[in-house]
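See below for the structure under consideration.
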Number of protein chains: 2
Amino acid sequence: MTTQLSVDLGARSYPIVVGTGLLSDVGRFAPFIAGRQVCIVTNETIAPLYLDTLKKTLAQYQVDECVLPDGEQHKTLETYARVMDHLMNNKHNRSTTLIALGGGVVGDITGFAAATYQRGVALIQVPTTLLALVDSSVGGKTAVNHPHGKNMIGAFYQPRLVLADLDTLRSLPEREYLAGIAEIVKYDVIRDAEFFGWLEANVTALQARDAAALDHAVITSCAIKAAVVAGDEREEGARAILNFGHTFGHAIETLTRYEYLHGESVAIGMVMAADLSVRIGMLGRADGRRIKALIAAFGLPVVPPGNVTADAMRASMGMDKKVIDGRLRLVLTSSIGEAVVTDRFDTTAFDATLTAHGKLCED
Amino acid sequence: MTTQLSVDLGARSYPIVVGTGLLSDVGRFAPFIAGRQVCIVTNETIAPLYLDTLKKTLAQYQVDECVLPDGEQHKTLETYARVMDHLMNNKHNRSTTLIALGGGVVGDITGFAAATYQRGVALIQVPTTLLALVDSSVGGKTAVNHPHGKNMIGAFYQPRLVLADLDTLRSLPEREYLAGIAEIVKYDVIRDAEFFGWLEANVTALQARDAAALDHAVITSCAIKAAVVAGDEREEGARAILNFGHTFGHAIETLTRYEYLHGESVAIGMVMAADLSVRIGMLGRADGRRIKALIAAFGLPVVPPGNVTADAMRASMGMDKKVIDGRLRLVLTSSIGEAVVTDRFDTTAFDATLTAHGKLCED
């Protein structure tokens, strides 16, 4: 069972292929490899699982690999510089192709490397985590973190192909799998009330990684992402809705020094965004509770960590990229399936959200 | 006397404004500044000359400056990281505007910083050297060097405005001024035989920095560059002709550890490219000599440094970006005003060019 979607961006359009057994099928890759050289960028966790398979699949090319340390704390300019060194030392030229084999960190670093090595080389995203599959591998956002903020250094750079082999999700640790579910929940809150209902009915199936349920969730999510990205490639407007839960979430990630996974932080961030939407009268309380309940049903966190203070959150969010000329822009929700980007919210309500903790969406 | 040209790139089109007194005219900048924040990136040599003037001009904005060390040896990822640190530490947001005030190194680093800070912020190029004015500030090529090769890390990223205040050229040291002349010579060899003749007749006027002659040379060069860039923004084809002399030249720059300025290296590289064109029968010997003679007439070097061996040149050129799948592509010339991009040349002739030294274009 293989499904193909398309991200429609004119000359930069590309397919998202979702299915099983794809890593072993050279025919899936060949049309998107630019020249003879290929560099697979992956990490120490993923390499033992899938690197040999992929190298064997690509045996007709001149393939080498760059294996990075695993973890968000390595998503830095230093690690990026290591990729550049690897490419230079192995004499990769302008017609090389970089393949990102891994999760969001590998995809983001490899994407930024592809965007900037010799001013841009071919890129293929092969996400091996649910989060990367439904989120970071699609849409062309690439970045590394700066010590003072997440994803502060990067580029918009589209891959030529996103190839998602669902077989790779079987090996995913439970915590990382659930972190991916958080982004799936996001898509229905911002865009698709019907899909939200489907998710509520399929919590158990998705927790069990039921193939059909997972396939449906992944394809529906990728289709929403592809449609939003096609409408606003460089996040000049509508694409901002994809950041639902992310401004609060990034602050939590930064302040916990990435102890909370991206998806976990976004899960909490979505509850906070829903809470603020309720407080300012934009969203009904019942819908707020429903959002929180679905996130909690998957076993995702819905309360900010106790040691993250409101002051620290406020300071951290002040440096967030979404601030335009000193005014904090947030993505809120007016009903399940509808997102609203706004910088018009009461600061008292905002402060109340920051201090509500276990009472988010409950008061 | 102010002239305005346009680089036509659809939504990314922008003006090149050439004139005098522009640094003091806020009206020239205002329409191209994105928000309230401005960061002027410059270097230790240029800052004492023009930074105060520009800051005073932009007093209505929230302006800070990032002053870099001067010199090509600082065009590195480390210096780029310093710019990122400065922007983060001073809380620049996505609607900030970076102004590159300086020569090619400042322009290239600042351009790459603007391309990648928060995935892209507004950029204005204010070139203060002749080389930057006629070459690097126009066209959107941004980059830093890697220890193993020049401009290996970068992005295509267009400025919103190129503002060239000819007053700043008065302070330019003779050697840097002449280095800029080399790029001007390049434009006529690749594109404009008539302009080549005009240059031959105006060597003395240009050496004396005669205002009218300089104005004509700058505007003609920028117009050629703008037209070539508009036809091929990302160097997928025709734009490659702008690299005439550059593949040889980059090797000389790298091998002399930037003791030879970019323009000086390109001057020698153009003579080598002309020599190879003659050797393979593409260019008449008389035209080869004419190219060499014009470059020499300006006092630019026309012989590779004695300590740069043919073997080192060959190795260095093997890593050049213009190599596609192992075949070296060079820009040669079939007549003055006509460039030819080709990987079809006799390696014996190529080797002869590398060892010809003082006999380039003469045999």
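Each chain in the structure tokens gets a letter, A, B and so on, in the order shown; residues start at 1 in every chain, and ligands are counted from 1 in the order they appear.
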Would you please give, as a PyMOL selection string, all residues of segment 14-167 of chain B that DSSP assigns to strand (DSSP E or B) based on the backbone? chain B and resi 14-19+37-43+62-68+97-102+117+122-127+141-146+149-156+161-165
Given a cut-off of 9 Å, which residues of chain A touch chain B, counting only C-alpha atoms, written out as a VMD selection string? chain A and resid 35 to 37 77 81 84 to 85 88 to 89 91 to 96 113 115 to 120 141 to 143 146 to 149 151 to 156 234 318 to 326
Go ahead and write the selection's residues with N, CA and C atoms as a CSV table (one decimal), in the first residue's frame.
chain,number,residue,atom,x,y,z
A,35,GLY,N,23.0,13.5,-9.3
A,35,GLY,CA,24.2,13.1,-10.0
A,35,GLY,C,24.7,11.7,-9.6
A,36,ARG,N,26.0,11.5,-9.5
A,36,ARG,CA,26.5,10.2,-9.1
A,36,ARG,C,26.7,10.1,-7.6
A,37,GLN,N,27.0,11.3,-7.0
A,37,GLN,CA,27.3,11.3,-5.6
A,37,GLN,C,26.1,11.4,-4.7
A,77,LEU,N,25.1,24.9,15.2
A,77,LEU,CA,26.0,25.3,14.1
A,77,LEU,C,27.2,24.4,14.1
A,81,ALA,N,28.5,22.4,10.9
A,81,ALA,CA,29.9,22.6,10.4
A,81,ALA,C,30.5,21.2,10.1
A,84,MET,N,29.4,20.0,6.9
A,84,MET,CA,30.1,20.7,5.8
A,84,MET,C,31.5,20.1,5.6
A,85,ASP,N,32.2,19.9,6.7
A,85,ASP,CA,33.5,19.3,6.7
A,85,ASP,C,33.5,18.0,6.0
A,88,MET,N,33.0,18.4,2.2
A,88,MET,CA,34.3,18.9,1.6
A,88,MET,C,35.3,17.9,1.6
A,89,ASN,N,35.5,17.2,2.7
A,89,ASN,CA,36.6,16.2,2.8
A,89,ASN,C,36.3,15.0,1.8
A,91,LYS,N,34.9,15.4,-1.0
A,91,LYS,CA,34.8,16.0,-2.4
A,91,LYS,C,33.5,16.0,-3.0
A,92,HIS,N,32.4,16.2,-2.3
A,92,HIS,CA,31.1,16.3,-2.9
A,92,HIS,C,31.0,17.6,-3.7
A,93,ASN,N,30.4,17.5,-4.9
A,93,ASN,CA,30.3,18.6,-5.7
A,93,ASN,C,28.9,19.1,-5.8
A,94,ARG,N,28.6,20.1,-6.7
A,94,ARG,CA,27.3,20.8,-6.7
A,94,ARG,C,26.2,19.8,-7.1
A,95,SER,N,26.5,18.7,-7.8
A,95,SER,CA,25.5,17.8,-8.2
A,95,SER,C,25.3,16.6,-7.2
A,96,THR,N,25.8,16.8,-6.0
A,96,THR,CA,25.6,15.7,-5.0
A,96,THR,C,24.2,15.8,-4.5
A,113,ALA,N,22.1,22.0,5.7
A,113,ALA,CA,23.3,21.7,5.0
A,113,ALA,C,23.1,21.7,3.5
A,115,ALA,N,20.7,23.2,1.8
A,115,ALA,CA,20.4,24.6,1.4
A,115,ALA,C,21.6,25.4,1.2
A,116,THR,N,22.7,25.1,1.9
A,116,THR,CA,23.8,26.0,1.9
A,116,THR,C,25.2,25.4,1.4
A,117,TYR,N,25.2,24.1,1.2
A,117,TYR,CA,26.5,23.6,0.7
A,117,TYR,C,26.6,24.0,-0.8
A,118,GLN,N,27.6,24.8,-1.1
A,118,GLN,CA,27.8,25.3,-2.4
A,118,GLN,C,26.5,26.0,-2.9
A,119,ARG,N,25.9,26.7,-2.0
A,119,ARG,CA,24.7,27.5,-2.3
A,119,ARG,C,23.5,26.6,-2.7
A,120,GLY,N,23.5,25.3,-2.3
A,120,GLY,CA,22.3,24.5,-2.5
A,120,GLY,C,22.5,23.3,-3.4
A,141,LYS,N,11.2,23.8,5.8
A,141,LYS,CA,11.8,24.6,6.9
A,141,LYS,C,13.0,23.8,7.4
A,142,THR,N,14.2,24.4,7.3
A,142,THR,CA,15.4,23.8,7.8
A,142,THR,C,16.0,24.7,8.8
A,143,ALA,N,16.8,24.2,9.8
A,143,ALA,CA,17.4,25.1,10.8
A,143,ALA,C,18.3,24.3,11.7
A,146,HIS,N,20.1,28.1,18.1
A,146,HIS,CA,21.1,29.0,18.7
A,146,HIS,C,21.0,28.8,20.2
A,147,PRO,N,22.1,29.0,20.9
A,147,PRO,CA,22.0,28.8,22.4
A,147,PRO,C,20.8,29.7,23.0
A,148,HIS,N,20.4,30.8,22.4
A,148,HIS,CA,19.4,31.6,22.9
A,148,HIS,C,18.0,31.3,22.3
A,149,GLY,N,17.9,30.4,21.4
A,149,GLY,CA,16.6,30.1,20.8
A,149,GLY,C,16.6,29.0,19.7
A,151,ASN,N,15.8,27.0,16.4
A,151,ASN,CA,15.6,27.2,15.0
A,151,ASN,C,15.8,28.6,14.5
A,152,MET,N,16.8,29.2,15.2
A,152,MET,CA,17.0,30.7,14.9
A,152,MET,C,17.9,30.8,13.7
A,153,ILE,N,18.6,29.8,13.2
A,153,ILE,CA,19.5,29.8,12.1
A,153,ILE,C,19.0,28.8,11.1
A,154,GLY,N,18.6,29.2,9.9
A,154,GLY,CA,18.1,28.2,9.0
A,154,GLY,C,17.7,28.8,7.6
A,155,ALA,N,17.0,28.1,6.9
A,155,ALA,CA,16.6,28.5,5.5
A,155,ALA,C,15.3,27.8,5.1
A,156,PHE,N,14.6,28.4,4.2
A,156,PHE,CA,13.5,27.7,3.6
A,156,PHE,C,14.1,27.0,2.4
A,234,ARG,N,6.9,30.6,2.4
A,234,ARG,CA,7.9,31.2,3.3
A,234,ARG,C,7.3,31.8,4.6
A,318,GLY,N,9.6,36.1,24.5
A,318,GLY,CA,10.0,37.4,23.9
A,318,GLY,C,11.0,37.3,22.8
A,319,MET,N,11.8,36.3,22.8
A,319,MET,CA,12.7,36.1,21.7
A,319,MET,C,12.2,35.2,20.6
A,320,ASP,N,11.0,34.8,20.7
A,320,ASP,CA,10.5,33.9,19.7
A,320,ASP,C,10.5,34.6,18.4
A,321,LYS,N,10.7,33.8,17.3
A,321,LYS,CA,10.7,34.3,15.9
A,321,LYS,C,9.4,35.0,15.6
A,322,LYS,N,8.3,34.5,16.2
A,322,LYS,CA,7.0,35.0,15.8
A,322,LYS,C,6.7,36.5,16.3
A,323,VAL,N,7.6,37.0,17.1
A,323,VAL,CA,7.4,38.4,17.5
A,323,VAL,C,7.7,39.4,16.4
A,324,ILE,N,6.7,40.2,16.0
A,324,ILE,CA,6.9,41.2,15.0
A,324,ILE,C,6.9,42.6,15.6
A,325,ASP,N,8.1,43.2,15.5
A,325,ASP,CA,8.2,44.6,16.1
A,325,ASP,C,7.6,44.7,17.5
A,326,GLY,N,8.0,43.7,18.4
A,326,GLY,CA,7.7,43.8,19.8
A,326,GLY,C,6.4,43.3,20.2
Two-atom distance - atom CA of Ser277 of chain A, atom CA of Ala179 of chain A (Å): 23.0 Å
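Closest approach to Glu338 of chain A from the set A:Glu44, A:Asp8, A:Asp192, A:Glu176 is made by A:Asp192, with distances taken over only C-alpha atoms.
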Please, what distance in Å, to one decimal, runs between atom CA of Gly180 of chain B and atom CA of Val340 of chain B?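 Interatomic distance, atom CA of Gly180 of chain B to atom CA of Val340 of chain B: 22.8 Å.
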